[in-house]
>>> print(open('start-v4.txt').read())   # compact mmCIF, C-alpha atoms
# COMPACT_ATOMS: atom_id res chain seq x y z
CA MET A 1 66.17 94.73 3.59
CA ALA A 2 63.69 91.95 4.40
CA LYS A 3 60.44 92.92 6.09
CA ILE A 4 60.31 91.42 9.57
CA THR A 5 56.85 90.31 10.68
CA ALA A 6 55.55 90.02 14.24
CA ALA A 7 54.99 86.29 13.65
CA GLU A 8 58.69 85.79 12.78
CA VAL A 9 59.76 87.75 15.85
CA ASN A 10 57.44 85.67 18.05
CA LYS A 11 58.75 82.43 16.53
CA LEU A 12 62.32 83.42 17.35
CA ARG A 13 61.32 84.50 20.84
CA LYS A 14 59.70 81.11 21.52
CA ALA A 15 62.75 79.28 20.16
CA THR A 16 65.33 81.22 22.17
CA GLY A 17 63.56 82.91 25.07
CA ALA A 18 65.10 86.25 24.04
CA GLY A 19 63.15 89.50 24.37
CA MET A 20 60.98 90.77 21.52
CA MET A 21 63.30 93.69 20.68
CA ASP A 22 66.40 91.49 20.77
CA CYS A 23 64.68 89.03 18.43
CA LYS A 24 63.65 91.76 16.04
CA LYS A 25 67.19 93.22 15.96
CA ALA A 26 68.64 89.75 15.36
CA LEU A 27 66.25 89.13 12.45
CA VAL A 28 67.04 92.53 10.95
CA GLU A 29 70.77 91.85 11.22
CA ALA A 30 70.24 88.40 9.64
CA ASP A 31 68.08 89.92 6.88
CA GLY A 32 65.15 87.76 7.93
CA ASP A 33 67.04 84.44 7.97
CA PHE A 34 65.77 82.54 11.02
CA ASP A 35 68.84 80.31 11.52
CA LYS A 36 71.22 83.25 11.09
CA ALA A 37 69.19 85.22 13.63
CA ILE A 38 69.67 82.43 16.16
CA GLU A 39 73.41 82.58 15.44
CA VAL A 40 73.35 86.36 15.99
CA LEU A 41 71.79 85.83 19.41
CA ARG A 42 74.30 83.08 20.21
CA LYS A 43 77.22 85.37 19.35
CA LYS A 44 75.73 87.99 21.62
CA GLY A 45 75.68 85.33 24.34
CA GLN A 46 79.35 84.54 23.71
CA LYS A 47 80.23 88.21 24.18
CA VAL A 48 78.23 88.43 27.39
CA ALA A 49 79.78 85.16 28.63
CA ALA A 50 83.29 86.45 27.94
CA ASN A 51 82.56 89.72 29.77
CA ARG A 52 81.09 87.93 32.80
CA ALA A 53 83.47 84.95 33.00
CA ASP A 54 84.92 86.15 36.32
CA ARG A 55 81.51 86.67 37.97
CA ASP A 56 80.31 84.40 40.77
CA SER A 57 77.41 82.14 39.82
CA THR A 58 76.28 80.90 43.23
CA GLU A 59 72.52 81.22 42.71
CA GLY A 60 70.32 79.09 40.47
CA ALA A 61 68.28 75.89 40.63
CA VAL A 62 69.24 72.42 41.84
CA ILE A 63 67.19 69.65 40.24
CA ALA A 64 67.18 65.95 41.19
CA LYS A 65 65.58 63.41 38.86
CA VAL A 66 65.22 59.62 38.79
CA ASN A 67 64.74 57.42 35.71
CA GLU A 68 61.60 55.33 35.09
CA ALA A 69 63.30 52.15 36.30
CA LYS A 70 64.16 53.96 39.55
CA ASN A 71 67.67 52.54 39.57
CA LYS A 72 69.50 55.71 38.49
CA GLY A 73 69.26 59.33 39.53
CA VAL A 74 71.02 62.60 38.72
CA ILE A 75 71.39 65.98 40.35
CA VAL A 76 72.10 68.99 38.15
CA SER A 77 72.80 72.46 39.45
CA LEU A 78 72.10 75.19 36.87
CA ASN A 79 73.87 78.24 38.22
CA CYS A 80 73.38 81.96 37.62
CA GLU A 81 74.41 85.18 39.34
CA THR A 82 71.24 86.38 41.07
CA ASP A 83 68.41 84.86 43.08
CA PHE A 84 65.96 86.81 40.88
CA VAL A 85 67.01 84.83 37.80
CA GLY A 86 67.30 81.58 39.78
CA LYS A 87 63.60 81.80 40.69
CA ASN A 88 62.49 82.69 37.14
CA GLU A 89 60.01 80.12 35.81
CA THR A 90 61.75 79.85 32.42
CA PHE A 91 65.14 79.35 34.08
CA VAL A 92 63.81 76.63 36.40
CA SER A 93 62.09 74.95 33.44
CA LEU A 94 65.43 74.89 31.60
CA ALA A 95 67.08 73.33 34.66
CA HIS A 96 64.46 70.56 34.65
CA GLU A 97 65.00 69.90 30.93
CA LEU A 98 68.76 69.67 31.44
CA ALA A 99 68.32 67.27 34.36
CA GLU A 100 66.12 65.08 32.18
CA LEU A 101 68.87 65.02 29.54
CA ALA A 102 71.42 64.27 32.24
CA LEU A 103 69.78 60.93 32.99
CA SER A 104 71.46 59.61 29.84
CA ALA A 105 74.85 61.19 30.64
CA SER A 106 77.63 59.98 32.90
CA SER A 107 79.46 63.28 33.42
CA LYS A 108 79.07 67.05 33.17
CA GLU A 109 81.32 67.06 30.12
CA GLU A 110 79.08 64.54 28.35
CA LEU A 111 75.95 66.52 29.30
CA LEU A 112 77.38 69.69 27.74
CA THR A 113 77.72 67.89 24.38
CA LYS A 114 74.14 66.53 24.41
CA ASP A 115 71.70 67.71 21.76
CA PHE A 116 69.23 70.34 22.97
CA ASN A 117 66.70 71.06 20.21
CA GLY A 118 69.31 71.05 17.48
CA ILE A 119 72.19 72.65 19.38
CA SER A 120 74.51 71.42 22.12
CA VAL A 121 73.71 72.04 25.77
CA GLN A 122 76.84 74.23 25.95
CA ASP A 123 75.54 76.38 23.07
CA LYS A 124 72.14 76.60 24.76
CA LEU A 125 73.78 77.89 27.94
CA THR A 126 75.75 80.44 25.90
CA GLU A 127 72.55 81.52 24.12
CA GLN A 128 70.73 81.94 27.44
CA THR A 129 73.65 83.92 28.86
CA GLY A 130 73.00 86.46 26.09
CA VAL A 131 69.24 86.35 26.66
CA ILE A 132 69.38 86.81 30.43
CA GLY A 133 72.55 88.87 30.67
CA GLU A 134 74.07 86.79 33.46
CA LYS A 135 76.69 84.09 33.65
CA ILE A 136 74.90 80.73 33.33
CA GLU A 137 76.64 77.39 33.74
CA ILE A 138 76.26 73.84 34.99
CA GLY A 139 77.64 74.00 38.50
CA ASP A 140 77.40 70.52 39.98
CA PHE A 141 76.56 67.18 38.39
CA ARG A 142 76.05 63.96 40.37
CA VAL A 143 74.97 60.46 39.39
CA LEU A 144 73.75 57.73 41.73
CA GLU A 145 72.91 54.16 40.76
CA ALA A 146 71.42 51.61 43.16
CA PRO A 147 68.75 48.87 43.25
CA PHE A 148 66.26 51.63 44.17
CA VAL A 149 66.83 55.39 43.94
CA GLY A 150 64.69 58.15 45.40
CA SER A 151 64.96 61.93 45.18
CA TYR A 152 63.96 65.15 46.90
CA ILE A 153 64.19 68.80 45.88
CA HIS A 154 64.05 71.27 48.75
CA ALA A 155 61.63 74.19 48.44
CA GLY A 156 62.99 76.90 46.17
CA ASN A 157 65.26 74.45 44.32
CA LYS A 158 68.15 75.27 46.67
CA ILE A 159 69.02 71.67 47.63
CA GLY A 160 68.71 68.42 45.69
CA VAL A 161 69.24 64.95 47.19
CA LEU A 162 69.38 61.39 45.85
CA THR A 163 69.22 58.31 48.07
CA GLY A 164 70.03 54.74 47.09
CA LEU A 165 68.44 51.75 48.81
CA SER A 166 69.64 48.15 48.67
CA GLY A 167 66.22 46.89 47.65
CA ASN A 168 62.72 47.72 46.53
CA GLY A 169 59.40 46.98 48.17
CA ASN A 170 56.01 48.37 49.04
CA GLY A 171 56.60 51.90 50.35
CA ALA A 172 60.13 52.26 48.95
CA ASP A 173 59.20 55.55 47.24
CA GLU A 174 58.14 57.15 50.49
CA VAL A 175 61.07 55.75 52.48
CA ALA A 176 63.66 56.87 49.91
CA LYS A 177 62.13 60.34 49.79
CA ASP A 178 62.03 60.58 53.60
CA VAL A 179 65.71 59.67 53.79
CA ALA A 180 66.48 62.24 51.09
CA MET A 181 64.59 64.87 53.08
CA GLN A 182 66.64 63.88 56.12
CA ALA A 183 69.88 64.43 54.18
CA ALA A 184 68.63 67.77 52.90
CA ALA A 185 67.76 69.01 56.39
CA MET A 186 70.60 67.51 58.44
CA ASN A 187 73.48 67.66 55.92
CA PRO A 188 75.36 64.52 57.06
CA VAL A 189 79.09 64.39 56.34
CA ALA A 190 78.94 60.73 55.24
CA LEU A 191 76.67 57.71 54.89
CA ASN A 192 78.17 55.88 57.89
CA GLU A 193 81.25 55.74 60.12
CA GLU A 194 83.35 54.12 57.39
CA GLY A 195 82.64 57.03 55.07
CA VAL A 196 84.02 59.72 57.39
CA ASP A 197 87.46 60.92 56.30
CA GLN A 198 90.19 60.05 58.81
CA SER A 199 91.37 63.67 58.88
CA ILE A 200 87.91 64.74 60.09
CA ILE A 201 87.98 62.09 62.84
CA GLU A 202 91.42 63.20 63.98
CA LYS A 203 90.33 66.83 64.01
CA GLU A 204 87.22 66.02 66.07
CA ILE A 205 89.30 64.02 68.56
CA GLU A 206 91.65 66.97 69.05
CA ILE A 207 88.71 69.37 69.49
CA ALA A 208 87.20 67.00 72.07
CA LYS A 209 90.49 66.70 73.96
CA ASP A 210 90.96 70.48 74.05
CA GLN A 211 87.46 70.90 75.49
CA LEU A 212 88.15 68.24 78.11
CA ARG A 213 91.44 69.90 79.11
CA GLN A 214 89.60 73.20 79.56
CA GLU A 215 87.14 71.36 81.80
CA GLY A 216 90.08 70.18 83.91
CA LYS A 217 89.86 66.47 83.04
CA PRO A 218 93.05 64.43 83.76
CA GLU A 219 95.25 63.78 80.71
CA ALA A 220 95.10 60.03 81.26
CA MET A 221 91.32 60.05 80.81
CA LEU A 222 91.23 62.10 77.61
CA ASP A 223 91.56 59.28 75.07
CA ASN A 224 88.67 57.23 76.45
CA ILE A 225 86.33 60.21 76.87
CA ALA A 226 87.26 61.50 73.40
CA LYS A 227 86.34 58.12 71.89
CA GLY A 228 82.89 58.47 73.42
CA LYS A 229 82.52 61.91 71.92
CA ILE A 230 83.50 60.55 68.49
CA LYS A 231 80.71 57.96 68.77
CA ARG A 232 78.35 60.85 69.42
CA TYR A 233 79.79 62.68 66.41
CA PHE A 234 79.05 59.65 64.20
CA LYS A 235 75.50 59.50 65.56
CA ASP A 236 74.87 63.16 64.80
CA ASN A 237 76.69 63.44 61.48
CA THR A 238 76.39 60.17 59.54
CA LEU A 239 73.13 59.61 57.69
CA VAL A 240 72.23 56.07 58.75
CA ASN A 241 73.04 56.77 62.42
CA GLN A 242 71.18 60.07 62.74
CA ALA A 243 67.91 60.22 64.64
CA PHE A 244 65.13 60.08 62.06
CA ILE A 245 63.57 63.56 61.91
CA LYS A 246 59.99 62.22 61.71
CA ASP A 247 60.49 59.89 64.70
CA ASN A 248 63.60 60.64 66.76
CA LYS A 249 63.19 57.40 68.71
CA LYS A 250 64.50 55.60 65.61
CA SER A 251 67.72 55.97 63.65
CA VAL A 252 67.48 56.40 59.88
CA ALA A 253 68.80 52.83 59.50
CA ASP A 254 66.01 51.53 61.75
CA TYR A 255 63.39 53.47 59.81
CA VAL A 256 64.57 52.00 56.49
CA LYS A 257 64.28 48.50 57.96
CA THR A 258 60.51 48.95 57.98
CA LEU A 259 60.81 47.87 54.34
CA GLY A 260 62.39 44.58 55.43
CA ASP A 261 65.98 43.59 54.80
CA VAL A 262 66.79 46.96 53.19
CA SER A 263 69.48 49.53 53.93
CA VAL A 264 70.70 52.88 52.63
CA VAL A 265 73.69 52.23 50.38
CA ALA A 266 74.48 55.73 49.11
CA PHE A 267 73.36 59.34 48.91
CA GLU A 268 74.25 62.50 47.03
CA ARG A 269 73.47 66.02 48.20
CA VAL A 270 73.97 69.26 46.27
CA ALA A 271 73.24 72.71 47.68
CA LEU A 272 73.62 76.17 46.19
CA GLY A 273 76.30 78.48 47.53
>>> encode(input="start-v4.txt", output="structure tokens")
Amino acid sequence: MAKITAAEVNKLRKATGAGMMDCKKALVEADGDFDKAIEVLRKKGQKVAANRADRDSTEGAVIAKVNEAKNKGVIVSLNCETDFVGKNETFVSLAHELAELALSASSKEELLTKDFNGISVQDKLTEQTGVIGEKIEIGDFRVLEAPFVGSYIHAGNKIGVLTGLSGNGNGADEVAKDVAMQAAAMNPVALNEEGVDQSIIEKEIEIAKDQLRQEGKPEAMLDNIAKGKIKRYFKDNTLVNQAFIKDNKKSVADYVKTLGDVSVVAFERVALG
């Protein structure tokens, strides 16, 4: 049996993130072969993943990143089972690395096949499942492309937002981030009125009419009053029409116009849970 040195154990630990004892056992089982030891740890991860496949993975870290050209952004949610793991520095670091890789991917499926230090992202997730002992997976994956893209990650990595502007300009970074913060805090249902699903509008109209009936309003007046309430719904729940949280005398659309002839063209928001 090969003699396993502390240096070899430490090398494997740095490569995989596994505990010292797990690394030593893997090296012993692999008779000192480094690559085989990694495979041993990966197989352990596969077993853990199979045993925990039905577990909920609603905790984790949501990371938003933008490319150097600032015309493309991604949000990646790396999910796990517990908040304790989701806040772990190594776990969050992995989430950032995966988001960086995701900038060159167009889908979650493509991201999972990307090379991660010699193995696929999917294999890395399996390996880390064995290391941590929890179900780990890519939960959500979003891409946004626009003439200018900004991002914001809410404290604790619980919410990630991307915002797309129609143009660039002095101060675009700050404006795009402010709008992303707005979306994180206010959780709009759509960018504007046109983006609200018709079924939601119909449901809100019926809710408004029921409230008006309970207030004793005549049936003939319900349609007109309900239309007014829908306008209020759009103002409160669509991003560009919301009151800007840093200056509620302006709408978000008005705030963005401080850049000139610029508007918000898209946003993506991902939250844990």
>>> closest_residue(input="start-v4.txt", among="A:Arg42, A:Lys3, A:Lys124, A:Arg269", to="Thr163 (chain A)", atoms="only C-alpha atoms")
A:Arg269
>>> closest_residue(input="start-v4.txt", among="A:Arg52, A:Lys177, A:Lys257, A:Lys158", to="Val76 (chain A)", atoms="only C-alpha atoms")
A:Lys158
>>> atom_distance(input="start-v4.txt", atom1="CA of Leu12 (chain A)", atom2="CA of Glu59 (chain A)")
27.4 Å
>>> residues_near_point(input="start-v4.txt", point="(74.0, 62.3, 43.7)", cutoff="10 Å", atoms="all atoms listed in the file", output="list in words")
Ala64, Lys65, Lys72, Gly73, Val74, Ile75, Val76, Asp140, Phe141, Arg142, Val143, Leu144, Glu145, Val149, Ser151, Gly160, Val161, Leu162, Thr163, Gly164, Ala266, Phe267, Glu268, Arg269 and Val270 of chain A
>>> atom_distance(input="start-v4.txt", atom1="CA of Val240 (chain A)", atom2="CA of Gly156 (chain A)")
26.0 Å
>>> atom_distance(input="start-v4.txt", atom1="CA of Cys23 (chain A)", atom2="CA of Thr58 (chain A)")
28.6 Å
>>> residues_around(input="start-v4.txt", residues="Ala105 (chain A)", least_positions_apart="4", cutoff="10 Å", atoms="all atoms listed in the file", output="list in words")
Val74, Ala99, Glu100, Leu101, Glu109, Glu110, Leu111, Leu112, Thr113, Lys114, Phe141 and Val143 of chain A
>>> closest_residue(input="start-v4.txt", among="A:Gln214, A:Asn168, A:Thr258, A:Ser263", to="Asn71 (chain A)", atoms="all atoms listed in the file")
A:Asn168
>>> residues_around(input="start-v4.txt", residues="region 37-40 of chain A", least_positions_apart="5", cutoff="8 Å", atoms="all atoms listed in the file", output="count of residues only")
8
>>> closest_residue(input="start-v4.txt", among="A:Gly139, A:Gly60, A:Gly150, A:Gly216", to="Ala183 (chain A)", atoms="all atoms listed in the file")
A:Gly150
>>> closest_residue(input="start-v4.txt", among="A:Gln182, A:Ala226, A:Asp83, A:Gly195", to="Asp247 (chain A)", atoms="only C-alpha atoms")
A:Gln182
>>> residues_around(input="start-v4.txt", residues="Arg232 (chain A)", least_positions_apart="3", cutoff="12 Å", atoms="only C-alpha atoms", output="ChimeraX atom specification")
/A:193,201,204-205,208,225-229,235-238,241-243
>>> closest_residue(input="start-v4.txt", among="A:Gln46, A:Asn157, A:Thr82, A:Ser77", to="Glu134 (chain A)", atoms="all atoms listed in the file")
A:Thr82
>>> build_atoms(input="start-v4.txt", residues="region 156-167 of chain A", atoms="all heavy atoms", output="compact mmCIF listing (two decimals), keeping the file's coordinate frame")
# COMPACT_ATOMS: atom_id res chain seq x y z
N GLY A 156 62.18 75.84 46.75
CA GLY A 156 62.99 76.90 46.17
C GLY A 156 64.13 76.39 45.32
O GLY A 156 64.95 77.18 44.84
N ASN A 157 64.22 75.07 45.16
CA ASN A 157 65.26 74.45 44.32
C ASN A 157 66.67 74.80 44.80
O ASN A 157 67.59 74.93 43.99
CB ASN A 157 65.10 74.89 42.86
CG ASN A 157 63.73 74.57 42.30
OD1 ASN A 157 63.29 73.43 42.34
ND2 ASN A 157 63.05 75.59 41.80
N LYS A 158 66.83 74.92 46.12
CA LYS A 158 68.15 75.27 46.67
C LYS A 158 68.99 74.04 47.00
O LYS A 158 70.21 74.12 47.04
CB LYS A 158 67.98 76.12 47.95
CG LYS A 158 67.25 77.43 47.75
CD LYS A 158 68.00 78.39 46.87
CE LYS A 158 67.34 79.75 46.82
NZ LYS A 158 68.02 80.68 45.89
N ILE A 159 68.33 72.91 47.26
CA ILE A 159 69.02 71.67 47.63
C ILE A 159 68.37 70.51 46.88
O ILE A 159 67.14 70.40 46.83
CB ILE A 159 68.95 71.40 49.14
CG1 ILE A 159 69.53 72.56 49.95
CG2 ILE A 159 69.68 70.10 49.49
CD1 ILE A 159 69.32 72.43 51.45
N GLY A 160 69.20 69.64 46.32
CA GLY A 160 68.71 68.42 45.69
C GLY A 160 69.42 67.22 46.30
O GLY A 160 70.63 67.27 46.57
N VAL A 161 68.67 66.14 46.56
CA VAL A 161 69.24 64.95 47.19
C VAL A 161 68.78 63.69 46.46
O VAL A 161 67.63 63.59 46.03
CB VAL A 161 68.83 64.85 48.68
CG1 VAL A 161 69.44 63.60 49.32
CG2 VAL A 161 69.25 66.08 49.45
N LEU A 162 69.69 62.73 46.33
CA LEU A 162 69.38 61.39 45.85
C LEU A 162 69.73 60.40 46.96
O LEU A 162 70.73 60.58 47.65
CB LEU A 162 70.21 61.03 44.62
CG LEU A 162 69.99 61.86 43.35
CD1 LEU A 162 71.07 61.51 42.32
CD2 LEU A 162 68.60 61.62 42.76
N THR A 163 68.90 59.37 47.12
CA THR A 163 69.22 58.31 48.07
C THR A 163 69.10 56.96 47.39
O THR A 163 68.17 56.73 46.62
CB THR A 163 68.28 58.34 49.30
OG1 THR A 163 66.93 58.45 48.85
CG2 THR A 163 68.61 59.49 50.20
N GLY A 164 70.04 56.08 47.66
CA GLY A 164 70.03 54.74 47.09
C GLY A 164 69.75 53.70 48.15
O GLY A 164 70.39 53.71 49.21
N LEU A 165 68.77 52.83 47.89
CA LEU A 165 68.44 51.75 48.81
C LEU A 165 68.91 50.42 48.23
O LEU A 165 69.00 50.27 47.01
CB LEU A 165 66.93 51.70 49.06
CG LEU A 165 66.25 52.97 49.59
CD1 LEU A 165 64.76 52.71 49.82
CD2 LEU A 165 66.91 53.46 50.86
N SER A 166 69.14 49.45 49.11
CA SER A 166 69.64 48.15 48.67
C SER A 166 68.57 47.28 48.04
O SER A 166 68.86 46.26 47.43
CB SER A 166 70.28 47.40 49.85
OG SER A 166 69.29 47.13 50.83
N GLY A 167 67.30 47.69 48.22
CA GLY A 167 66.22 46.89 47.65
C GLY A 167 64.95 47.70 47.48
O GLY A 167 64.84 48.84 47.94
